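For reference, coords-v4.txt is printed below; it contains compact mmCIF, C-alpha atoms.
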# COMPACT_ATOMS: atom_id res chain seq x y z
CA MET A 1 -16.88 -7.52 -77.06
CA THR A 2 -14.70 -10.07 -78.87
CA ILE A 3 -17.59 -12.55 -78.96
CA TRP A 4 -19.65 -9.99 -80.86
CA TRP A 5 -16.88 -9.49 -83.32
CA LEU A 6 -16.83 -13.26 -83.86
CA TYR A 7 -20.58 -13.31 -84.43
CA LEU A 8 -20.31 -10.46 -86.88
CA ILE A 9 -17.59 -12.14 -88.93
CA LEU A 10 -19.51 -15.41 -89.03
CA GLY A 11 -22.58 -13.49 -90.15
CA LEU A 12 -20.65 -11.81 -92.98
CA LEU A 13 -19.30 -15.15 -94.12
CA ALA A 14 -22.81 -16.63 -94.11
CA ALA A 15 -24.12 -13.64 -96.13
CA VAL A 16 -21.35 -13.98 -98.70
CA GLY A 17 -22.09 -17.70 -99.08
CA ILE A 18 -25.82 -17.06 -99.52
CA ALA A 19 -25.13 -14.35 -102.13
CA PHE A 20 -22.85 -16.71 -104.09
CA VAL A 21 -25.47 -19.45 -104.14
CA TRP A 22 -28.13 -16.93 -105.16
CA LEU A 23 -25.94 -15.78 -108.11
CA ILE A 24 -25.48 -19.35 -109.38
CA LEU A 25 -29.19 -20.00 -109.24
CA LYS A 26 -29.91 -16.76 -111.09
CA LEU A 27 -27.57 -17.67 -113.89
CA ASN A 28 -29.22 -21.09 -114.33
CA SER A 29 -32.68 -19.54 -114.44
CA GLY A 30 -31.60 -17.13 -117.21
CA VAL A 31 -30.32 -19.99 -119.33
CA LYS A 32 -33.58 -21.87 -118.95
CA ALA A 33 -35.65 -18.78 -119.89
CA GLY A 34 -33.68 -18.40 -123.15
CA ALA A 35 -34.44 -21.96 -124.16
CA LYS A 36 -38.19 -21.39 -123.84
CA ASN A 37 -38.20 -18.40 -126.26
CA SER A 38 -36.64 -20.29 -129.26
CA LYS A 39 -39.69 -20.08 -131.46
CA ASP A 40 -39.35 -16.32 -132.15
CA PRO A 41 -37.86 -15.06 -135.48
CA ASN A 42 -35.00 -14.15 -133.63
CA GLU A 43 -35.23 -17.55 -132.17
CA SER A 44 -32.70 -18.88 -134.53
CA LEU A 45 -30.41 -16.07 -133.77
CA GLU A 46 -30.88 -16.60 -130.22
CA LYS A 47 -30.52 -20.21 -130.80
CA ALA A 48 -27.28 -19.51 -132.54
CA VAL A 49 -26.23 -17.21 -129.76
CA GLU A 50 -27.25 -19.79 -127.34
CA ASP A 51 -25.38 -22.36 -129.15
CA ASP A 52 -22.41 -20.12 -129.22
CA VAL A 53 -22.92 -19.47 -125.63
CA GLU A 54 -23.36 -23.15 -125.13
CA HIS A 55 -20.35 -23.58 -127.22
CA ILE A 56 -18.46 -21.01 -125.21
CA PHE A 57 -19.93 -21.95 -121.90
CA ASN A 58 -19.68 -25.62 -122.44
CA ASP A 59 -19.44 -28.04 -119.66
CA ASP A 60 -15.74 -27.79 -119.48
CA PHE A 61 -15.90 -24.05 -119.24
CA ARG A 62 -18.62 -24.30 -116.65
CA GLU A 63 -16.63 -26.84 -114.82
CA GLU A 64 -13.75 -24.47 -115.09
CA LEU A 65 -15.92 -21.67 -113.75
CA ARG A 66 -17.17 -23.91 -111.02
CA ASN A 67 -13.67 -24.82 -110.15
CA ARG A 68 -12.68 -21.17 -110.19
CA GLY A 69 -15.73 -20.32 -108.11
CA ARG A 70 -14.93 -23.16 -105.80
CA LEU A 71 -11.37 -22.00 -105.53
CA HIS A 72 -12.44 -18.43 -105.03
CA PHE A 73 -14.93 -19.56 -102.43
CA GLU A 74 -12.29 -21.63 -100.76
CA LYS A 75 -9.97 -18.65 -100.95
CA ILE A 76 -12.58 -16.43 -99.39
CA ILE A 77 -13.33 -19.08 -96.85
CA GLY A 78 -9.61 -19.40 -96.18
CA GLU A 79 -9.15 -15.68 -95.91
CA ASN A 80 -12.15 -15.40 -93.66
CA ALA A 81 -10.86 -18.33 -91.67
CA MET A 82 -7.55 -16.53 -91.47
CA PHE A 83 -9.31 -13.33 -90.43
CA LEU A 84 -11.36 -15.33 -88.01
CA GLN A 85 -8.19 -16.91 -86.68
CA GLN A 86 -6.57 -13.50 -86.40
CA ASP A 87 -9.66 -12.17 -84.73
CA LEU A 88 -9.72 -15.16 -82.51
CA ARG A 89 -6.09 -14.62 -81.64
CA LEU A 90 -6.71 -10.95 -81.14
CA THR A 91 -9.76 -11.74 -79.11
CA THR A 92 -7.83 -14.31 -77.17
CA SER A 93 -5.00 -11.88 -76.58
CA GLN A 94 -7.47 -9.16 -75.61
CA LEU A 95 -9.30 -11.63 -73.48
CA ASN A 96 -6.04 -12.62 -71.88
CA GLU A 97 -5.14 -8.99 -71.43
CA TYR A 98 -8.56 -8.30 -70.03
CA MET A 99 -8.39 -11.28 -67.74
CA LYS A 100 -4.90 -10.31 -66.75
CA THR A 101 -6.01 -6.77 -66.05
CA GLU A 102 -9.09 -7.86 -64.19
CA ILE A 103 -7.24 -10.46 -62.20
CA THR A 104 -4.49 -7.99 -61.47
CA ARG A 105 -7.02 -5.40 -60.41
CA LYS A 106 -8.88 -7.92 -58.31
CA LEU A 107 -5.65 -9.14 -56.80
CA GLN A 108 -4.58 -5.58 -56.15
CA ASP A 109 -7.93 -4.87 -54.53
CA GLU A 110 -7.66 -8.01 -52.47
CA PHE A 111 -4.09 -7.26 -51.60
CA ALA A 112 -5.08 -3.72 -50.69
CA LYS A 113 -7.88 -5.07 -48.50
CA TYR A 114 -5.52 -7.63 -47.05
CA GLU A 115 -2.93 -4.95 -46.45
CA GLN A 116 -5.57 -2.72 -44.92
CA SER A 117 -6.66 -5.59 -42.70
CA ILE A 118 -3.08 -6.23 -41.71
CA MET A 119 -2.60 -2.53 -41.04
CA ASP A 120 -5.78 -2.44 -38.95
CA ALA A 121 -4.67 -5.50 -37.03
CA LYS A 122 -1.27 -3.98 -36.61
CA ASN A 123 -2.73 -0.70 -35.40
CA LEU A 124 -5.00 -2.60 -33.07
CA ALA A 125 -2.09 -4.62 -31.74
CA VAL A 126 0.03 -1.49 -31.37
CA ALA A 127 -2.79 0.28 -29.56
CA SER A 128 -3.26 -2.73 -27.31
CA ILE A 129 0.45 -2.91 -26.60
CA GLN A 130 0.52 0.81 -25.87
CA LYS A 131 -2.41 0.45 -23.51
CA THR A 132 -0.70 -2.49 -21.85
CA ASN A 133 2.50 -0.52 -21.55
CA ALA A 134 0.62 2.43 -20.09
CA ALA A 135 -1.10 0.14 -17.61
CA ILE A 136 2.22 -1.47 -16.69
CA ASP A 137 3.81 1.95 -16.26
CA GLU A 138 0.93 3.05 -14.12
CA GLN A 139 1.11 -0.10 -12.04
CA ARG A 140 4.85 0.29 -11.72
CA ALA A 141 4.48 3.89 -10.63
CA LEU A 142 1.76 2.91 -8.18
CA LEU A 143 3.86 0.05 -6.85
CA GLY A 144 6.85 2.36 -6.54
CA GLN A 145 4.81 4.88 -4.62
CA GLN A 146 3.45 2.15 -2.38
CA VAL A 147 6.90 0.72 -1.73
CA GLN A 148 8.24 4.21 -1.07
CA LYS A 149 5.35 4.86 1.27
CA GLU A 150 5.96 1.62 3.14
CA ILE A 151 9.66 2.34 3.38
CA VAL A 152 8.95 5.79 4.78
CA ALA A 153 6.39 4.35 7.20
CA GLU A 154 8.81 1.67 8.34
CA LYS A 155 11.52 4.25 8.73
CA GLN A 156 9.24 6.45 10.75
CA GLN A 157 8.21 3.47 12.83
CA LEU A 158 11.85 2.61 13.50
CA VAL A 159 12.62 6.21 14.41
CA GLN A 160 9.53 6.40 16.57
CA ARG A 161 10.42 3.15 18.30
CA PHE A 162 13.93 4.40 18.85
CA GLU A 163 12.63 7.67 20.25
CA GLN A 164 10.17 5.88 22.51
CA ASN A 165 12.79 3.55 23.89
CA MET A 166 15.58 6.06 23.89
CA THR A 167 14.82 7.11 27.44
CA ASP A 168 15.02 3.55 28.67
CA ILE A 169 18.19 2.97 26.71
CA ILE A 170 19.89 6.04 28.12
CA ASN A 171 18.55 5.30 31.58
CA HIS A 172 19.88 1.78 31.36
CA TYR A 173 23.18 3.11 30.13
CA VAL A 174 23.40 5.68 32.92
CA LEU A 175 22.52 3.06 35.51
CA ALA A 176 25.05 0.63 34.10
CA ALA A 177 27.71 3.30 33.82
CA ILE A 178 27.34 5.31 37.01
CA GLY A 179 24.55 3.59 38.92
CA ASN A 180 26.87 2.38 41.62
CA GLN A 181 28.51 5.74 41.92
CA ILE A 182 25.35 7.65 42.82
CA ASP A 183 24.96 7.88 46.58
CA LEU A 184 21.54 8.56 48.04
CA ASN A 185 23.03 10.99 50.53
CA ASP A 186 24.30 13.05 47.63
CA GLN A 187 20.82 13.04 46.16
CA LEU A 188 19.09 14.20 49.34
CA GLU A 189 19.35 17.83 48.42
CA TYR A 190 17.79 17.28 45.02
CA ILE A 191 15.13 14.96 46.40
CA LEU A 192 14.16 17.52 49.02
CA ALA A 193 14.05 20.19 46.30
CA ASP A 194 11.67 18.06 44.23
CA LEU A 195 9.54 17.35 47.29
CA ASP A 196 9.47 21.03 48.12
CA THR A 197 8.32 21.83 44.60
CA ASN A 198 5.35 19.47 44.98
CA LYS A 199 4.80 20.10 48.67
CA GLN A 200 1.49 21.82 48.26
CA ALA A 201 0.06 19.04 46.15
CA MET A 202 1.10 16.45 48.71
CA ILE A 203 -0.37 18.48 51.58
CA GLU A 204 -3.65 18.81 49.76
CA ASP A 205 -3.70 15.12 48.95
CA ILE A 206 -2.98 14.21 52.59
CA ASN A 207 -5.62 16.60 53.91
CA ASN A 208 -8.22 15.55 51.39
CA GLY A 209 -7.23 11.92 51.13
CA ALA A 210 -9.45 9.08 52.12
CA MET B 1 -6.60 12.25 58.75
CA ALA B 2 -5.03 14.27 61.51
CA PRO B 3 -5.25 12.97 65.04
CA LYS B 4 -7.63 14.51 67.46
CA THR B 5 -6.86 17.84 69.14
CA ALA B 6 -6.16 16.22 72.49
CA THR B 7 -3.11 14.44 71.15
CA ARG B 8 -1.76 17.27 69.09
CA GLN B 9 0.93 18.07 71.52
CA PHE B 10 2.66 14.76 70.93
CA VAL B 11 5.24 14.43 68.25
CA LEU B 12 7.07 11.54 66.76
CA PRO B 13 10.84 11.44 66.73
CA ASP B 14 12.55 11.20 63.37
CA SER B 15 13.75 7.74 64.22
CA VAL B 16 10.16 6.52 64.11
CA VAL B 17 9.84 6.34 60.38
CA GLY B 18 6.93 4.18 59.38
CA PRO B 19 4.03 2.06 60.51
CA VAL B 20 6.42 -0.77 61.32
CA ASP B 21 8.27 1.37 63.83
CA LEU B 22 4.96 2.57 65.20
CA GLY B 23 3.72 -0.97 65.65
CA ARG B 24 6.97 -1.89 67.30
CA LEU B 25 6.52 1.06 69.67
CA LEU B 26 3.01 0.00 70.51
CA ARG B 27 4.03 -3.57 71.20
CA GLU B 28 6.88 -2.41 73.36
CA LEU B 29 4.58 -0.02 75.18
CA GLU B 30 2.10 -2.80 75.88
CA THR B 31 4.89 -5.01 77.12
CA LEU B 32 6.11 -2.16 79.26
CA GLU B 33 2.65 -1.71 80.67
CA ASP B 34 2.56 -5.34 81.72
CA THR B 35 5.98 -5.02 83.24
CA LEU B 36 5.00 -1.92 85.18
CA VAL B 37 1.87 -3.63 86.50
CA GLN B 38 3.96 -6.52 87.70
CA LEU B 39 6.50 -4.20 89.26
CA ARG B 40 3.80 -2.27 91.07
CA LEU B 41 2.46 -5.49 92.46
CA ARG B 42 5.83 -6.73 93.56
CA THR B 43 7.42 -3.56 94.96
CA ASP B 44 6.03 -1.09 97.39
CA GLY B 45 8.62 1.64 96.96
CA ALA B 46 9.64 3.78 94.09
CA LEU B 47 9.44 2.20 90.70
CA LYS B 48 12.20 2.23 88.20
CA LEU B 49 11.58 1.98 84.50
CA PRO B 50 13.12 -1.05 82.83
CA ALA B 51 15.41 -0.66 79.89
CA MET B 52 13.60 0.53 76.80
CA SER B 53 14.45 0.56 73.15
CA ARG B 54 16.00 3.58 71.50
CA LEU B 55 12.79 4.33 69.66
CA LEU B 56 10.71 4.43 72.79
CA ASP B 57 13.38 6.33 74.62
CA GLN B 58 13.45 9.03 72.00
CA THR B 59 9.67 9.16 71.83
CA VAL B 60 9.40 9.64 75.56
CA ALA B 61 12.19 12.20 75.56
CA VAL B 62 10.80 14.23 72.69
CA ASN B 63 7.38 14.39 74.28
CA LYS B 64 8.75 14.97 77.77
CA LEU B 65 6.74 12.15 79.33
CA ASP B 66 7.11 10.11 82.43
CA LEU B 67 5.91 6.64 81.71
CA LEU B 68 5.70 5.86 85.38
CA GLU B 69 2.78 8.26 85.43
CA THR B 70 -0.24 6.37 84.34
CA ALA B 71 -1.78 9.43 82.67
CA ASP B 72 1.30 10.04 80.50
CA PHE B 73 1.47 6.38 79.69
CA GLN B 74 -2.14 6.29 78.63
CA LYS B 75 -1.78 9.49 76.59
CA LEU B 76 1.22 8.13 74.78
CA HIS B 77 -0.53 4.86 74.11
CA GLN B 78 -3.59 6.66 72.88
CA PHE B 79 -1.47 8.91 70.71
CA LEU B 80 0.33 6.00 69.18
CA MET B 81 -2.90 4.15 68.57
CA GLN B 82 -4.52 7.13 66.90
CA THR B 83 -1.39 7.83 64.91
CA LYS B 84 -1.27 4.29 63.70
CA ALA B 85 -4.90 4.48 62.73
CA HIS B 86 -5.04 7.93 61.18
CA ALA B 87 -1.57 9.18 60.35
CA PRO B 88 -0.90 9.87 56.68
CA VAL B 89 1.49 7.46 55.04
CA LEU B 90 3.84 8.30 52.20
CA HIS B 91 5.55 5.62 50.20
CA ILE B 92 8.88 6.57 48.70
CA SER B 93 10.91 4.31 46.42
CA PHE B 94 14.63 4.75 45.80
CA GLY B 95 17.09 3.20 43.44
CA ALA B 96 19.15 1.89 46.33
CA ASP B 97 18.51 1.04 49.94
CA PRO B 98 18.69 4.29 51.94
CA SER B 99 20.73 4.56 55.10
CA PRO B 100 18.93 5.20 58.46
CA LEU B 101 20.46 8.65 58.65
CA PHE B 102 19.18 9.51 55.20
CA THR B 103 15.72 8.22 56.12
CA GLN B 104 15.65 10.24 59.30
CA LYS B 105 16.63 13.40 57.48
CA LEU B 106 13.92 12.81 54.97
CA VAL B 107 11.31 12.07 57.63
CA GLY B 108 12.36 15.19 59.52
CA TRP B 109 11.80 17.30 56.45
CA LEU B 110 8.46 15.67 55.72
CA ARG B 111 7.18 16.16 59.26
CA LYS B 112 8.33 19.73 59.23
CA GLU B 113 6.99 20.70 55.83
CA ILE B 114 4.16 18.27 55.08
CA ASN B 115 2.60 16.89 58.19
CA PRO B 116 4.05 16.43 61.72
CA LEU B 117 2.68 12.91 62.00
CA VAL B 118 3.43 11.63 58.53
CA LEU B 119 4.75 8.08 58.32
CA LEU B 120 7.06 6.83 55.63
CA THR B 121 7.43 3.46 53.98
CA VAL B 122 10.51 2.96 51.90
CA GLY B 123 10.61 0.86 48.73
CA LEU B 124 13.35 -0.21 46.40
CA GLN B 125 13.23 0.16 42.60
CA PRO B 126 16.67 -0.21 41.03
CA SER B 127 15.29 0.73 37.62
CA ILE B 128 14.68 4.34 38.53
CA GLY B 129 18.38 5.06 38.77
CA ALA B 130 18.65 8.24 40.77
CA GLY B 131 15.92 10.25 42.49
CA CYS B 132 12.79 8.80 44.00
CA ILE B 133 9.14 8.02 43.38
CA VAL B 134 6.62 9.30 45.93
CA ARG B 135 3.18 7.76 46.25
CA SER B 136 0.72 9.44 48.57
CA THR B 137 -2.87 8.45 49.25
CA ASN B 138 -4.16 9.46 45.85
CA LYS B 139 -1.22 10.82 43.93
CA TYR B 140 1.95 9.67 42.32
CA PHE B 141 5.06 11.85 42.02
CA ASP B 142 7.94 10.67 39.92
CA PHE B 143 11.20 12.46 40.73
CA SER B 144 13.37 9.76 39.22
CA LEU B 145 16.15 10.16 36.70
CA ARG B 146 14.16 8.03 34.29
CA ASP B 147 11.25 10.43 34.41
CA HIS B 148 13.61 13.35 34.12
CA LEU B 149 15.10 11.83 30.98
CA SER B 150 11.63 11.15 29.60
CA LYS B 151 10.55 14.72 30.18
CA ASN B 152 13.66 16.01 28.46
CA ARG B 153 13.46 13.60 25.57
CA GLN B 154 12.78 16.41 23.13
CA LEU B 155 15.97 18.10 24.24
CA LEU B 156 17.86 14.90 23.62
CA LEU B 157 16.17 14.47 20.25
CA SER B 158 17.02 18.00 19.22
CA LYS B 159 20.62 17.41 20.20
CA LEU B 160 20.68 14.18 18.25
CA GLN B 161 19.17 15.89 15.24
CA GLU B 162 21.79 18.62 15.46
CA VAL B 163 24.49 15.99 15.44
CA THR B 164 22.99 13.93 12.62
CA ARG B 165 22.40 16.89 10.29

Written as structure tokens, how would this file's structure read?
Amino acid sequence: MTIWWLYLILGLLAAVGIAFVWLILKLNSGVKAGAKNSKDPNESLEKAVEDDVEHIFNDDFREELRNRGRLHFEKIIGENAMFLQQDLRLTTSQLNEYMKTEITRKLQDEFAKYEQSIMDAKNLAVASIQKTNAAIDEQRALLGQQVQKEIVAEKQQLVQRFEQNMTDIINHYVLAAIGNQIDLNDQLEYILADLDTNKQAMIEDINNGA
Amino acid sequence: MAPKTATRQFVLPDSVVGPVDLGRLLRELETLEDTLVQLRLRTDGALKLPAMSRLLDQTVAVNKLDLLETADFQKLHQFLMQTKAHAPVLHISFGADPSPLFTQKLVGWLRKEINPLVLLTVGLQPSIGAGCIVRSTNKYFDFSLRDHLSKNRQLLLSKLQEVTR
């Protein structure tokens, strides 16, 4: 947009310059046309007018006009240059502002994207850590259950082993404690009672035995 | 297997416990037979039985036999032979070595209640503690204290559980 303003100002300056040149040329052509018509009756008058004009607009005056025109042109050129400079400064400032805004916006977009990426990565990492934690908790629970199960099994095995061998232990204890005190004669009554209980089975086995 | 009907009238004294005693009786009887043959050859008058062991004495007394009579002698010999061959044998193990009196009482009960010709072999198993283990031809009877404790293990466990609660 600023570039177009620059083009427009340059165009106006060029148009003003062309118009000034065209005005100078027009004035010269009018002077020349008056010189050609000097033979009319009014030619002398015109001649006199022309002379007066020549007298008024002599070379010095023309030079003065030229100088004034030159100065005015330079003034206009200077003003336009000043305007151009102001426009350029304005354009530069706007361009800087625009660039600043654009860069800021771009940077904000990029930062937003970067932040979004970081957030996504963070969420991903958090989700991964949560999954890992869940898996670890699950493994820990499973391991705990397994250890508990093994402890219970070992305990049951120990109890079972104790129960299985308890008879032998007590028997060994009884034998060690009172084994020498038990007389077979004292046991005869009980032995005969046991034999009597199984008498029929023994009779059948003897009668049917090989 | 029971002996034949012809020898049913014979009985064994309680002092004759097992096959070893029976074999000893048979050997003594054979020796006695040789002695009697020699005595008959040497003497013309009345014969007198030589001294016999206590086992043979009791056997002869229980069966009311006269060994000078050849028929009685032969019957006893035949009875002993058949008994040795066919008599049922029970094997009983004890925790300690039983006395002869104890063994005779036991054999008396067995011959009265189980079979009149049953023979007994005695074994020794100190691990059974009290009681005995009887092994017949095909069966096994455990009357030991160890087996009694094993059978009442649940009772012991319940008592232990009552204490540990």

At a cut-off of 9 Å, can you tabulate as a tab-separated table every residue of chain A near chain B together with its closest atom pair and the distance in Å to one decimal, using all atoms listed in the file and ordering rows by chain then number?
residue	atom	partner	partner_atom	distance
A:Glu163	CA	B:Leu157	CA	7.7
A:Gln164	CA	B:Arg153	CA	8.9
A:Met166	CA	B:Arg153	CA	8.0
A:Thr167	CA	B:Ser150	CA	5.6
A:Asp168	CA	B:Arg146	CA	7.2
A:Ile170	CA	B:Leu149	CA	8.0
A:Asn171	CA	B:Arg146	CA	5.8
A:His172	CA	B:Ser127	CA	7.8
A:Val174	CA	B:Gly129	CA	7.7
A:Leu175	CA	B:Gly129	CA	5.6
A:Gly179	CA	B:Gly129	CA	6.3
A:Ile182	CA	B:Ala130	CA	7.0
A:Asp183	CA	B:Ala96	CA	8.3
A:Leu184	CA	B:Pro98	CA	6.4
A:Asn185	CA	B:Phe102	CA	6.2
A:Gln187	CA	B:Gly131	CA	6.7
A:Leu188	CA	B:Phe102	CA	7.5
A:Tyr190	CA	B:Gly131	CA	7.7
A:Ile191	CA	B:Gly131	CA	6.2
A:Leu192	CA	B:Leu106	CA	7.6
A:Asp194	CA	B:Phe143	CA	6.6
A:Leu195	CA	B:Phe143	CA	8.3
A:Asp196	CA	B:Glu113	CA	8.1
A:Asn198	CA	B:Phe141	CA	8.2
A:Lys199	CA	B:Ile114	CA	6.7
A:Gln200	CA	B:Ile114	CA	8.1
A:Ala201	CA	B:Lys139	CA	8.6
A:Met202	CA	B:Ser136	CA	7.0
A:Ile203	CA	B:Ile114	CA	5.7
A:Asp205	CA	B:Asn138	CA	6.5
A:Ile206	CA	B:Pro88	CA	6.3
A:Asn207	CA	B:Met1	CA	6.6
A:Asn208	CA	B:Met1	CA	8.2
A:Gly209	CA	B:Thr137	CA	5.9
A:Ala210	CA	B:Thr137	CA	7.2

List the neighbours of Ile9 (chain A) out to 12 Å using all atoms listed in the file; skip same-chain residues closer than 5 positions along the sequence, and give me the result as a list in words.
-> Thr2, Ile3, Trp4, Ala14, Ala15, Val16, Ile77, Glu79, Asn80, Ala81, Met82, Phe83, Leu84, Gln85, Gln86, Asp87 and Leu88 of chain A

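Computed from the coordinates, the CA of Ser128 (chain A) to CA of Glu115 (chain A) distance equals 19.3 Å.
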
Which residues come within 12 Å of region 64-77 of chain B, counting all atoms listed in the file, excluding same-chain residues fewer than 6 positions away, as a count of residues only?
-> 37

One decimal place gives the CA of Asn133 (chain A)-CA of Val152 (chain A) separation as 27.8 Å

Between CA of Gln82 (chain B) and CA of Glu204 (chain A), what is the spacing in Å?
-> 20.8 Å

Report the centre and edge lengths, in Å to one decimal, of an axis-aligned box enclosing every atom of region 121-133 of chain B listed in the file, padded by 3 Å on each side, as JSON.
{"center_x": 13.0, "center_y": 5.0, "center_z": 45.8, "size_x": 17.2, "size_y": 16.5, "size_z": 22.4}

Can you give me N, CA and C atoms for region 195-208 of chain A, written as a PDB file, in the coordinates of the input?
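File written: out_33.pdb
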ATOM      1  N   LEU A 195      10.670  17.454  46.346  1.00  0.00           N
ATOM      2  CA  LEU A 195       9.540  17.350  47.290  1.00  0.00           C
ATOM      3  C   LEU A 195       9.008  18.736  47.630  1.00  0.00           C
ATOM      4  N   ASP A 196       9.899  19.675  47.786  1.00  0.00           N
ATOM      5  CA  ASP A 196       9.470  21.030  48.120  1.00  0.00           C
ATOM      6  C   ASP A 196       8.656  21.650  46.980  1.00  0.00           C
ATOM      7  N   THR A 197       9.066  21.313  45.763  1.00  0.00           N
ATOM      8  CA  THR A 197       8.320  21.830  44.600  1.00  0.00           C
ATOM      9  C   THR A 197       6.883  21.325  44.605  1.00  0.00           C
ATOM     10  N   ASN A 198       6.690  20.072  45.011  1.00  0.00           N
ATOM     11  CA  ASN A 198       5.350  19.470  44.980  1.00  0.00           C
ATOM     12  C   ASN A 198       4.747  19.374  46.386  1.00  0.00           C
ATOM     13  N   LYS A 199       5.255  20.168  47.275  1.00  0.00           N
ATOM     14  CA  LYS A 199       4.800  20.100  48.670  1.00  0.00           C
ATOM     15  C   LYS A 199       3.312  20.384  48.786  1.00  0.00           C
ATOM     16  N   GLN A 200       2.878  21.415  48.129  1.00  0.00           N
ATOM     17  CA  GLN A 200       1.490  21.820  48.260  1.00  0.00           C
ATOM     18  C   GLN A 200       0.538  20.727  47.769  1.00  0.00           C
ATOM     19  N   ALA A 201       0.909  20.104  46.684  1.00  0.00           N
ATOM     20  CA  ALA A 201       0.060  19.040  46.150  1.00  0.00           C
ATOM     21  C   ALA A 201      -0.017  17.876  47.120  1.00  0.00           C
ATOM     22  N   MET A 202       1.101  17.558  47.751  1.00  0.00           N
ATOM     23  CA  MET A 202       1.100  16.450  48.710  1.00  0.00           C
ATOM     24  C   MET A 202       0.296  16.803  49.947  1.00  0.00           C
ATOM     25  N   ILE A 203       0.415  18.052  50.404  1.00  0.00           N
ATOM     26  CA  ILE A 203      -0.370  18.480  51.580  1.00  0.00           C
ATOM     27  C   ILE A 203      -1.853  18.398  51.285  1.00  0.00           C
ATOM     28  N   GLU A 204      -2.229  18.864  50.134  1.00  0.00           N
ATOM     29  CA  GLU A 204      -3.650  18.810  49.760  1.00  0.00           C
ATOM     30  C   GLU A 204      -4.130  17.365  49.657  1.00  0.00           C
ATOM     31  N   ASP A 205      -3.293  16.524  49.091  1.00  0.00           N
ATOM     32  CA  ASP A 205      -3.700  15.120  48.950  1.00  0.00           C
ATOM     33  C   ASP A 205      -3.833  14.466  50.330  1.00  0.00           C
ATOM     34  N   ILE A 206      -2.915  14.810  51.246  1.00  0.00           N
ATOM     35  CA  ILE A 206      -2.980  14.210  52.590  1.00  0.00           C
ATOM     36  C   ILE A 206      -4.214  14.722  53.323  1.00  0.00           C
ATOM     37  N   ASN A 207      -4.471  16.027  53.204  1.00  0.00           N
ATOM     38  CA  ASN A 207      -5.620  16.600  53.910  1.00  0.00           C
ATOM     39  C   ASN A 207      -6.943  16.139  53.326  1.00  0.00           C
ATOM     40  N   ASN A 208      -6.962  15.944  52.035  1.00  0.00           N
ATOM     41  CA  ASN A 208      -8.220  15.550  51.390  1.00  0.00           C
ATOM     42  C   ASN A 208      -8.309  14.057  51.125  1.00  0.00           C
TER      43      ASN A 208
END
